[in-house]
Amino acid sequence: MILGSTPPSPSVPSLLPCHLRFCLSCPEAPRVRTNNPAGTLEGTEATGDSRLRWEPQCQQPVPDGSPITAVLPPRLNGPWISTGCEVRPGPEFLTRCYVFYPNRLFRAHQFYYRDPSCREPTHSLLIKGKVRLRRASWVTQGATEADYHLHSVGIIFHSRQALLDITKRLNQTQVNQNCSGRLPPAWAWLPGALYELLSPRTQGGCTEALGFSMHELSLIRMQWRLQLQPGTVPQLVEELLLGDIHTDWAERQHYRPTGYQRPLQSVVHHARPCLACSLIARSDERHPPILPRQPTRPLFLGGRWVSAGCEVRPAVLFLTRLFTFHGHNRSWEGYYHHFSDPACRQRTFTVYAAGHYSRGMPSTRVRGGTELIFEVTQAHVTPMDQVTTAMLNFSEPSSCGGPGTWSVGTERDVTTTNGCLPLGIRLPHIEYELLKIEQDPRGRSLLFIGERPTDGSSPNTPEKRPTSYQPPLVLCRGQARNPHKPPPHRASLQKPPVGWGSCPAVVHLPVLLLVQGAAFLLWL
C-alpha cells in the first residue's frame with residue numbers, strides 16, 4: 001500500500017482556491033458524536049470505532065473506522081475542488097472548482113477535456129450566480145434543498161477544434177441565430193478569449209443548447225469524515241455532495257436531483273495524498289489543470305470488491321455492494337444491501353444475485369472503459385424489516401416465491417419464479433455494462449461499474465450501455481491473487497451471517513438487476 005508522506009496540518013492552507021482570493025478560517029476538527037446537536041450536526045454516521053482501519057475489512061455492511069458526520073445546514077463558504085478526473089454521462093470528462101462566499105454568491109469553474117485522464121482540455125466554463133439554502137429534503141434524507149440563480153456563464157476555448165465542436169453542437173440543436181452568433185468563426189478564434197453564453201447584457205441564453213445546467217445546486221449535502229492512516233494523526237476531510245446529473249442528455253434541463261455526484265472536497269481539508277488537488281485548486285478559466293497521466297490498468301476482476309461506504313442513488317436508494325468475480329470461468333456473484341437511511345444502518349432487504357459475464361472489449365465510446373455483457377441467472381431475497389416482509393407476503397402467487405411464506409431475516413430463492421416483481425427483479429436478465437479499474441494515490445485498486453439509468457430502467461440493449469460510472473468499489477485485501485483458483489462452495493444462506501464471511505454485505509445491482517420498486521418501500 002502506498003501511504004505517502006505525513007499530510008500537513010489541516011490548519012495551514014497549502015493550496016490557492018482557483019486563483020481567487022478568499023479568506024479562510026479553518027474550522028476546528030469536529031468531535032465524533034453520537035447525539036444530534038440541535039440544528040448543526042446530523043450525528044455520526046459510523047460505528048465510532050477508534051481502531052485505525054485504512055482498507056475495507058470486508059466484514060461489515062459498511063467499513064468502519066471512518067466516522068462521518070453530516071453538517072446541517074451545510075456550511076458552503078470556501079473553495080471546493082474535484083479530487084480527480086470526473087466522468088459524466090455522455091460521456092463528458094471534467095474537473096470542477098467551486099467557491100461559495102458568505103453573501104450567498106458563488107463562482108464556479110468547470111473544465112472539460114477530450115480524454116478520461118483530463119490531460120487534453122477543450123473548453124472551460126466560468127459560472128457566477130447566487131444560491132440560497134431552503135430546507136431539509138423531504139425526498140433524499142440527509143440532504144438540503146436549495147434555490148439558485150445564474151448571473152452569467154462564459155466559455156473559453158482551448159483549441160480551434162474545440163470551438164468547431166461546440167459550434168457544430170449548436171447547429172444541431174434548435175437555437176436561434178442570436179445564440180449561434182455569440183461564438184466567433186473558427187478563423188477568428190483567440191486563445192484566452194471569454195465568450196458570454198448567459199449575461200444580463202444579452203437576451204436569452206445558450207446554455208440549454210449545450211446541455212448545461214446547474215441543477216446540481218438544488219440538492220446539497222456536506223459531511224465531515226476522518227481519514228485514518230497507519231502511523232499518522234487522523235486527518236479531517238470535508239466533502240460537498242451536489243445533486244446527480246441525469247443520464248439522458250435531453251432530460252438534464254428538467255431533472256431535479258435525488259442522488260449525488262462524486263463529492264467535491266475542501267481545498268484545505270481534502271484527502272491526502274491527492275495528486276490532482278493542487279493542480280485543480282490553482283487553476284482558472286484560462287489555465288485549466290492538466291492532471292497527471294494515469295496508466296491504463298488491465299481489467300482483471302478476480303477477487304472481492306466492496307463499497308467504500310454508504311452509497312446514495314436517485315429515487316431514494318441507500319445501499320452497499322459486494323461483488324465476487326471468478327476469473328477462471330467468468331462467473332460472478334453479488335450482495336446488494338438496501339437501507340432506509342443515508343448512514344446505511346437500517347436494513348430493508350438484501351439481494352443475492354449470480355451469473356456469468358462475457359469477455360471484455362475496449363469501449364469505443366468511453367475511452368478507458370471496457371464493455372462487457374452480464375447475465376443474471378440466479379437471485380435470492382432476504383427481507384430485513386417488517387414493512388418489506390409484509391409487502392412480499394402480499395405478492396402474487398406466481399411472483400417472488402409465493403405469498404404468505406416470508407419472514408424477517410430468512411432468505412428465499414426467487415429463481416424459480418423468474419425473479420421478484422415487487423422488487424423489480426426479472427430473471428433471466430442481461431445487461432450491457434461498462435467497467436474500468438484504477439488505482440488511487442494510496443495504492444488501492446478501485447473498480448468502477450456503469451452508472452444506472454436515472455429513469456430506473458435497465459441497460460438491457462447495447463444502445464443503453466452506460467457512459468459514466470457509479471462510486472468505485474475497493475478491492476478487499478488479499479484478493480485477486482490467483483485468477484485460476486476455483487471459487488469456494490457457497491454456504492447456505494437460510495440464516496444470513498452478519499458479516500458475510502470476509503467481505504461486507506451489499507445491494508443495488510450495479511451490473512444487473514435494477515430494483516425499480518425499492519423507492520416506494522421507504523414510504524410504506
# chains A, B, ... in the order shown; residues from 1 in each chain; ligands from 1
call {"tool": "residues_around", "arguments": {"residues": "Tyr113 (chain A)", "least_positions_apart": "4", "cutoff": "12 Å", "atoms": "only C-alpha atoms", "output": "list in words"}}
result
Cys85, Glu86, Val87, Arg88, Pro91, Glu92, Phe93, Leu94, Thr95, Arg96, Ser117, Cys118, Arg119, Glu120, Pro121, Thr122, His123, Ser124, Leu125, Phe157, His158, Ser159, Ala162, Pro288, Pro289, Ile290, Leu291 and Arg367 of chain A
call {"tool": "closest_atom_pairs", "arguments": {"of": "region 80-191 of chain A", "to": "region 325-344 of chain A", "cutoff": "12 Å", "atoms": "only C-alpha atoms", "output": "tab-separated table"}}
result
residue	atom	partner	partner_atom	distance
A:Val139	CA	A:Asp341	CA	11.4
A:Thr140	CA	A:Pro342	CA	8.4
A:Gln141	CA	A:Pro342	CA	6.4
A:Gly142	CA	A:Pro342	CA	6.3
A:Ala143	CA	A:Pro342	CA	9.2
call {"tool": "write_last_selection", "arguments": {"atoms": "N, CA and C atoms", "output": "PDB file, in the first residue's frame"}}
result
ATOM      1  N   VAL A 139     -37.326  14.298   0.234  1.00  0.00           N
ATOM      2  CA  VAL A 139     -37.155  13.140  -0.641  1.00  0.00           C
ATOM      3  C   VAL A 139     -35.875  12.379  -0.314  1.00  0.00           C
ATOM      4  N   THR A 140     -34.750  13.083  -0.300  1.00  0.00           N
ATOM      5  CA  THR A 140     -33.456  12.461  -0.050  1.00  0.00           C
ATOM      6  C   THR A 140     -33.022  12.774   1.371  1.00  0.00           C
ATOM      7  N   GLN A 141     -33.186  11.814   2.254  1.00  0.00           N
ATOM      8  CA  GLN A 141     -32.853  12.018   3.650  1.00  0.00           C
ATOM      9  C   GLN A 141     -31.382  12.370   3.803  1.00  0.00           C
ATOM     10  N   GLY A 142     -31.086  13.379   4.639  1.00  0.00           N
ATOM     11  CA  GLY A 142     -29.717  13.807   4.875  1.00  0.00           C
ATOM     12  C   GLY A 142     -29.261  14.921   3.967  1.00  0.00           C
ATOM     13  N   ALA A 143     -30.089  15.312   2.981  1.00  0.00           N
ATOM     14  CA  ALA A 143     -29.730  16.373   2.042  1.00  0.00           C
ATOM     15  C   ALA A 143     -30.509  17.643   2.355  1.00  0.00           C
TER      16      ALA A 143
END
call {"tool": "atom_distance", "arguments": {"atom1": "CA of Gly368 (chain A)", "atom2": "CA of Asp455 (chain A)"}}
result
25.5 Å
call {"tool": "atom_distance", "arguments": {"atom1": "CA of Pro422 (chain A)", "atom2": "CA of Ala250 (chain A)"}}
result
29.4 Å
call {"tool": "select_by_dssp", "arguments": {"residues": "region 182-290 of chain A", "states": "helix (DSSP H, G or I)", "output": "ChimeraX atom specification"}}
result
/A:186-188,208-210,215-218,249-251,277-281
call {"tool": "write_last_selection", "arguments": {"atoms": "N, CA and C atoms", "output": "PDB file, in the first residue's frame"}}
result
ATOM      1  N   ALA A 186     -14.251  30.086 -36.831  1.00  0.00           N
ATOM      2  CA  ALA A 186     -13.028  29.388 -36.437  1.00  0.00           C
ATOM      3  C   ALA A 186     -11.777  30.202 -36.723  1.00  0.00           C
ATOM      4  N   TRP A 187     -11.770  30.935 -37.828  1.00  0.00           N
ATOM      5  CA  TRP A 187     -10.556  31.694 -38.173  1.00  0.00           C
ATOM      6  C   TRP A 187     -10.310  32.857 -37.222  1.00  0.00           C
ATOM      7  N   ALA A 188     -11.349  33.295 -36.491  1.00  0.00           N
ATOM      8  CA  ALA A 188     -11.209  34.440 -35.588  1.00  0.00           C
ATOM      9  C   ALA A 188     -10.998  34.032 -34.145  1.00  0.00           C
ATOM     10  N   GLU A 208     -28.710  25.969 -22.573  1.00  0.00           N
ATOM     11  CA  GLU A 208     -29.535  24.782 -22.752  1.00  0.00           C
ATOM     12  C   GLU A 208     -29.136  24.019 -24.000  1.00  0.00           C
ATOM     13  N   ALA A 209     -28.761  24.730 -25.052  1.00  0.00           N
ATOM     14  CA  ALA A 209     -28.351  24.072 -26.294  1.00  0.00           C
ATOM     15  C   ALA A 209     -27.096  23.244 -26.105  1.00  0.00           C
ATOM     16  N   LEU A 210     -26.285  23.587 -25.110  1.00  0.00           N
ATOM     17  CA  LEU A 210     -25.053  22.846 -24.834  1.00  0.00           C
ATOM     18  C   LEU A 210     -25.272  21.735 -23.817  1.00  0.00           C
ATOM     19  N   HIS A 215     -28.444  22.483 -12.070  1.00  0.00           N
ATOM     20  CA  HIS A 215     -29.444  21.912 -11.165  1.00  0.00           C
ATOM     21  C   HIS A 215     -28.792  21.114 -10.045  1.00  0.00           C
ATOM     22  N   GLU A 216     -27.516  20.791 -10.184  1.00  0.00           N
ATOM     23  CA  GLU A 216     -26.813  20.100  -9.107  1.00  0.00           C
ATOM     24  C   GLU A 216     -26.843  20.902  -7.819  1.00  0.00           C
ATOM     25  N   LEU A 217     -27.003  22.237  -7.922  1.00  0.00           N
ATOM     26  CA  LEU A 217     -27.044  23.085  -6.734  1.00  0.00           C
ATOM     27  C   LEU A 217     -28.387  23.042  -6.016  1.00  0.00           C
ATOM     28  N   SER A 218     -29.359  22.315  -6.563  1.00  0.00           N
ATOM     29  CA  SER A 218     -30.665  22.246  -5.903  1.00  0.00           C
ATOM     30  C   SER A 218     -30.723  21.169  -4.831  1.00  0.00           C
ATOM     31  N   TRP A 249     -29.241  12.955 -21.788  1.00  0.00           N
ATOM     32  CA  TRP A 249     -28.878  14.346 -22.079  1.00  0.00           C
ATOM     33  C   TRP A 249     -30.113  15.236 -22.225  1.00  0.00           C
ATOM     34  N   ALA A 250     -31.168  14.731 -22.867  1.00  0.00           N
ATOM     35  CA  ALA A 250     -32.355  15.539 -23.133  1.00  0.00           C
ATOM     36  C   ALA A 250     -33.130  15.888 -21.872  1.00  0.00           C
ATOM     37  N   GLU A 251     -32.890  15.179 -20.765  1.00  0.00           N
ATOM     38  CA  GLU A 251     -33.646  15.410 -19.534  1.00  0.00           C
ATOM     39  C   GLU A 251     -32.911  16.305 -18.545  1.00  0.00           C
ATOM     40  N   CYS A 277      -5.227  17.594  -6.527  1.00  0.00           N
ATOM     41  CA  CYS A 277      -5.846  18.685  -5.773  1.00  0.00           C
ATOM     42  C   CYS A 277      -5.145  20.019  -5.979  1.00  0.00           C
ATOM     43  N   SER A 278      -3.825  20.049  -5.868  1.00  0.00           N
ATOM     44  CA  SER A 278      -3.084  21.296  -6.017  1.00  0.00           C
ATOM     45  C   SER A 278      -3.262  21.877  -7.416  1.00  0.00           C
ATOM     46  N   LEU A 279      -3.244  21.030  -8.424  1.00  0.00           N
ATOM     47  CA  LEU A 279      -3.384  21.499  -9.806  1.00  0.00           C
ATOM     48  C   LEU A 279      -4.754  22.115 -10.041  1.00  0.00           C
ATOM     49  N   ILE A 280      -5.801  21.481  -9.521  1.00  0.00           N
ATOM     50  CA  ILE A 280      -7.156  21.997  -9.723  1.00  0.00           C
ATOM     51  C   ILE A 280      -7.375  23.273  -8.926  1.00  0.00           C
ATOM     52  N   ALA A 281      -6.859  23.315  -7.704  1.00  0.00           N
ATOM     53  CA  ALA A 281      -7.072  24.479  -6.846  1.00  0.00           C
ATOM     54  C   ALA A 281      -6.374  25.721  -7.384  1.00  0.00           C
TER      55      ALA A 281
END
call {"tool": "residues_around", "arguments": {"residues": "Asn418 (chain A)", "least_positions_apart": "4", "cutoff": "10 Å", "atoms": "only C-alpha atoms", "output": "MDAnalysis selection string"}}
result
chainID A and resid 377:379 398:401 413:414 425:429
call {"tool": "select_by_dssp", "arguments": {"residues": "region 163-384 of chain A", "states": "strand (DSSP E or B)", "output": "short mmCIF file (atom, residue, chain, number, x, y, z; two decimals) with N, CA and C atoms, in the first residue's frame"}}
result
data_model
loop_
_atom_site.label_atom_id
_atom_site.label_comp_id
_atom_site.auth_asym_id
_atom_site.auth_seq_id
_atom_site.Cartn_x
_atom_site.Cartn_y
_atom_site.Cartn_z
N TYR A 195 -16.23 34.21 -24.10
CA TYR A 195 -17.46 34.48 -24.84
C TYR A 195 -18.64 34.20 -23.93
N GLU A 196 -19.59 35.15 -23.91
CA GLU A 196 -20.71 35.06 -22.99
C GLU A 196 -21.82 34.19 -23.57
N LEU A 197 -22.21 33.18 -22.81
CA LEU A 197 -23.36 32.36 -23.14
C LEU A 197 -24.61 32.83 -22.42
N LEU A 198 -24.42 33.47 -21.27
CA LEU A 198 -25.52 34.00 -20.48
C LEU A 198 -25.00 35.19 -19.69
N LEU A 219 -29.68 20.32 -4.74
CA LEU A 219 -29.62 19.29 -3.69
C LEU A 219 -28.19 19.27 -3.16
N ILE A 220 -28.04 19.53 -1.87
CA ILE A 220 -26.71 19.72 -1.28
C ILE A 220 -26.58 18.91 0.00
N ARG A 221 -25.43 18.32 0.18
CA ARG A 221 -25.11 17.65 1.43
C ARG A 221 -23.64 17.92 1.73
N MET A 222 -23.34 18.32 2.96
CA MET A 222 -21.97 18.50 3.40
C MET A 222 -21.70 17.53 4.55
N GLN A 223 -20.52 16.94 4.53
CA GLN A 223 -20.19 15.99 5.60
C GLN A 223 -18.72 16.06 5.96
N TRP A 224 -18.43 15.71 7.22
CA TRP A 224 -17.07 15.59 7.72
C TRP A 224 -16.76 14.11 7.90
N ARG A 225 -15.58 13.73 7.56
CA ARG A 225 -15.13 12.38 7.88
C ARG A 225 -13.65 12.43 8.24
N LEU A 226 -13.20 11.42 8.98
CA LEU A 226 -11.81 11.34 9.40
C LEU A 226 -11.09 10.33 8.52
N GLN A 227 -10.00 10.77 7.90
CA GLN A 227 -9.17 9.88 7.11
C GLN A 227 -8.15 9.23 8.02
N GLN A 235 -6.81 12.66 9.80
CA GLN A 235 -6.99 13.93 9.10
C GLN A 235 -8.46 14.20 8.84
N LEU A 236 -8.88 15.45 9.05
CA LEU A 236 -10.24 15.86 8.76
C LEU A 236 -10.40 16.06 7.25
N VAL A 237 -11.45 15.46 6.70
CA VAL A 237 -11.79 15.64 5.29
C VAL A 237 -13.20 16.22 5.22
N GLU A 238 -13.35 17.33 4.50
CA GLU A 238 -14.66 17.95 4.30
C GLU A 238 -15.12 17.67 2.88
N GLU A 239 -16.34 17.13 2.75
CA GLU A 239 -16.86 16.77 1.44
C GLU A 239 -18.17 17.51 1.17
N LEU A 240 -18.33 17.93 -0.08
CA LEU A 240 -19.55 18.60 -0.53
C LEU A 240 -20.17 17.76 -1.64
N LEU A 241 -21.35 17.21 -1.37
CA LEU A 241 -22.04 16.38 -2.35
C LEU A 241 -23.15 17.20 -2.98
N LEU A 242 -23.09 17.35 -4.30
CA LEU A 242 -24.11 18.07 -5.05
C LEU A 242 -24.93 17.09 -5.87
N GLY A 243 -26.10 17.55 -6.33
CA GLY A 243 -27.06 16.68 -7.00
C GLY A 243 -26.52 15.97 -8.22
N TYR A 260 -26.51 11.92 -5.73
CA TYR A 260 -25.34 12.79 -5.70
C TYR A 260 -24.34 12.42 -6.80
N LEU A 264 -17.16 16.81 -4.11
CA LEU A 264 -16.07 17.77 -4.07
C LEU A 264 -15.49 17.77 -2.67
N GLN A 265 -14.23 18.19 -2.54
CA GLN A 265 -13.60 18.26 -1.22
C GLN A 265 -13.03 19.65 -0.99
N SER A 266 -12.93 20.01 0.29
CA SER A 266 -12.41 21.32 0.66
C SER A 266 -10.95 21.45 0.22
N ASP A 284 -7.46 28.41 -13.26
CA ASP A 284 -8.51 29.37 -13.55
C ASP A 284 -9.03 29.09 -14.95
N HIS A 287 -6.42 28.84 -17.55
CA HIS A 287 -5.35 27.89 -17.27
C HIS A 287 -5.95 26.64 -16.64
N GLY A 303 -11.45 -11.65 -7.57
CA GLY A 303 -11.40 -11.22 -6.18
C GLY A 303 -12.72 -10.63 -5.72
N ARG A 304 -12.67 -10.03 -4.54
CA ARG A 304 -13.87 -9.44 -3.93
C ARG A 304 -13.72 -7.93 -3.87
N TRP A 305 -14.79 -7.26 -4.26
CA TRP A 305 -14.82 -5.81 -4.32
C TRP A 305 -15.99 -5.31 -3.48
N VAL A 306 -15.75 -4.27 -2.69
CA VAL A 306 -16.74 -3.85 -1.70
C VAL A 306 -16.92 -2.33 -1.74
N SER A 307 -18.11 -1.86 -1.41
CA SER A 307 -18.38 -0.43 -1.29
C SER A 307 -17.47 0.19 -0.25
N GLU A 311 -23.78 4.22 -0.12
CA GLU A 311 -23.98 4.84 -1.42
C GLU A 311 -25.41 5.31 -1.56
N VAL A 312 -25.58 6.44 -2.25
CA VAL A 312 -26.90 7.04 -2.45
C VAL A 312 -27.20 7.03 -3.94
N ARG A 313 -28.37 6.54 -4.30
CA ARG A 313 -28.81 6.51 -5.69
C ARG A 313 -30.05 7.37 -5.85
N LEU A 317 -32.55 5.62 -2.87
CA LEU A 317 -31.97 4.32 -2.61
C LEU A 317 -30.66 4.49 -1.86
N PHE A 318 -30.55 3.83 -0.71
CA PHE A 318 -29.31 3.81 0.06
C PHE A 318 -28.84 2.36 0.12
N LEU A 319 -27.58 2.12 -0.18
CA LEU A 319 -27.15 0.73 -0.30
C LEU A 319 -25.64 0.57 -0.16
N THR A 320 -25.24 -0.68 0.03
CA THR A 320 -23.84 -1.08 -0.08
C THR A 320 -23.78 -2.30 -0.99
N ARG A 321 -22.61 -2.52 -1.60
CA ARG A 321 -22.48 -3.60 -2.58
C ARG A 321 -21.24 -4.44 -2.29
N LEU A 322 -21.32 -5.69 -2.63
CA LEU A 322 -20.17 -6.60 -2.59
C LEU A 322 -20.22 -7.51 -3.80
N PHE A 323 -19.12 -7.57 -4.56
CA PHE A 323 -19.05 -8.46 -5.72
C PHE A 323 -17.86 -9.40 -5.57
N THR A 324 -18.08 -10.62 -6.01
CA THR A 324 -17.00 -11.60 -6.12
C THR A 324 -16.97 -12.08 -7.56
N PHE A 325 -15.80 -11.96 -8.20
CA PHE A 325 -15.64 -12.39 -9.58
C PHE A 325 -14.68 -13.58 -9.62
N HIS A 326 -15.05 -14.59 -10.37
CA HIS A 326 -14.24 -15.79 -10.53
C HIS A 326 -13.74 -15.83 -11.97
N SER A 331 -17.54 -16.16 -13.95
CA SER A 331 -18.79 -16.11 -13.19
C SER A 331 -18.68 -15.04 -12.12
N TRP A 332 -19.80 -14.58 -11.61
CA TRP A 332 -19.80 -13.54 -10.60
C TRP A 332 -20.97 -13.79 -9.64
N GLU A 333 -20.86 -13.21 -8.48
CA GLU A 333 -21.96 -13.19 -7.52
C GLU A 333 -21.87 -11.90 -6.73
N GLY A 334 -23.02 -11.40 -6.30
CA GLY A 334 -23.03 -10.12 -5.61
C GLY A 334 -24.10 -10.05 -4.55
N TYR A 335 -23.83 -9.25 -3.52
CA TYR A 335 -24.80 -8.94 -2.46
C TYR A 335 -25.11 -7.45 -2.54
N TYR A 336 -26.40 -7.14 -2.48
CA TYR A 336 -26.86 -5.76 -2.52
C TYR A 336 -27.70 -5.52 -1.28
N HIS A 337 -27.20 -4.75 -0.36
CA HIS A 337 -27.91 -4.49 0.89
C HIS A 337 -28.55 -3.11 0.82
N HIS A 338 -29.87 -3.08 0.88
CA HIS A 338 -30.63 -1.83 0.83
C HIS A 338 -30.97 -1.36 2.24
N PHE A 339 -30.98 -0.04 2.39
CA PHE A 339 -31.25 0.58 3.70
C PHE A 339 -32.26 1.71 3.51
N ARG A 347 -31.54 -1.66 7.80
CA ARG A 347 -31.69 -2.50 6.63
C ARG A 347 -33.17 -2.69 6.27
N THR A 348 -33.42 -2.77 4.96
CA THR A 348 -34.76 -3.07 4.47
C THR A 348 -34.80 -4.44 3.81
N PHE A 349 -33.87 -4.72 2.91
CA PHE A 349 -33.79 -6.06 2.31
C PHE A 349 -32.42 -6.26 1.68
N THR A 350 -32.09 -7.51 1.44
CA THR A 350 -30.83 -7.90 0.82
C THR A 350 -31.12 -8.77 -0.39
N VAL A 351 -30.38 -8.55 -1.46
CA VAL A 351 -30.50 -9.37 -2.66
C VAL A 351 -29.15 -10.03 -2.93
N TYR A 352 -29.19 -11.35 -3.12
CA TYR A 352 -28.02 -12.08 -3.61
C TYR A 352 -28.30 -12.43 -5.07
N ALA A 353 -27.34 -12.15 -5.96
CA ALA A 353 -27.52 -12.46 -7.37
C ALA A 353 -26.25 -13.10 -7.90
N ALA A 354 -26.39 -13.90 -8.94
CA ALA A 354 -25.24 -14.59 -9.52
C ALA A 354 -25.48 -14.82 -10.99
N GLY A 355 -24.37 -15.02 -11.72
CA GLY A 355 -24.47 -15.27 -13.15
C GLY A 355 -23.10 -15.34 -13.79
N HIS A 356 -23.02 -14.98 -15.05
CA HIS A 356 -21.78 -15.01 -15.81
C HIS A 356 -21.59 -13.69 -16.56
N TYR A 357 -20.37 -13.45 -17.01
CA TYR A 357 -20.09 -12.24 -17.79
C TYR A 357 -19.21 -12.62 -18.97
N MET A 361 -14.28 -6.05 -24.02
CA MET A 361 -13.77 -5.39 -25.22
C MET A 361 -13.59 -3.91 -24.92
N PRO A 362 -12.48 -3.28 -25.37
CA PRO A 362 -12.29 -1.85 -25.12
C PRO A 362 -13.46 -1.04 -25.68
N THR A 370 -14.12 -0.56 -20.44
CA THR A 370 -14.21 -1.87 -21.07
C THR A 370 -15.67 -2.29 -21.09
N GLU A 371 -16.12 -2.77 -22.23
CA GLU A 371 -17.51 -3.19 -22.39
C GLU A 371 -17.64 -4.69 -22.15
N LEU A 372 -18.63 -5.06 -21.34
CA LEU A 372 -18.93 -6.47 -21.06
C LEU A 372 -20.43 -6.67 -21.09
N ILE A 373 -20.83 -7.92 -21.15
CA ILE A 373 -22.24 -8.27 -21.04
C ILE A 373 -22.39 -9.17 -19.82
N PHE A 374 -23.29 -8.79 -18.92
CA PHE A 374 -23.54 -9.56 -17.70
C PHE A 374 -24.88 -10.27 -17.79
N GLU A 375 -24.90 -11.49 -17.36
CA GLU A 375 -26.13 -12.27 -17.31
C GLU A 375 -26.44 -12.65 -15.87
N VAL A 376 -27.68 -12.42 -15.47
CA VAL A 376 -28.15 -12.78 -14.13
C VAL A 376 -29.03 -14.01 -14.27
N THR A 377 -28.64 -15.09 -13.63
CA THR A 377 -29.40 -16.34 -13.75
C THR A 377 -29.97 -16.82 -12.43
N GLN A 378 -29.55 -16.21 -11.32
CA GLN A 378 -29.98 -16.68 -10.01
C GLN A 378 -30.14 -15.49 -9.08
N ALA A 379 -31.15 -15.52 -8.22
CA ALA A 379 -31.36 -14.44 -7.26
C ALA A 379 -32.02 -14.98 -5.99
N HIS A 380 -31.60 -14.43 -4.86
CA HIS A 380 -32.19 -14.73 -3.55
C HIS A 380 -32.53 -13.40 -2.89
N VAL A 381 -33.60 -13.37 -2.12
CA VAL A 381 -34.04 -12.16 -1.43
C VAL A 381 -34.19 -12.46 0.05
N THR A 382 -33.72 -11.52 0.88
CA THR A 382 -33.87 -11.62 2.33
C THR A 382 -34.50 -10.34 2.86
N PRO A 383 -35.77 -10.34 3.27
CA PRO A 383 -36.35 -9.14 3.87
C PRO A 383 -35.74 -8.91 5.25
#
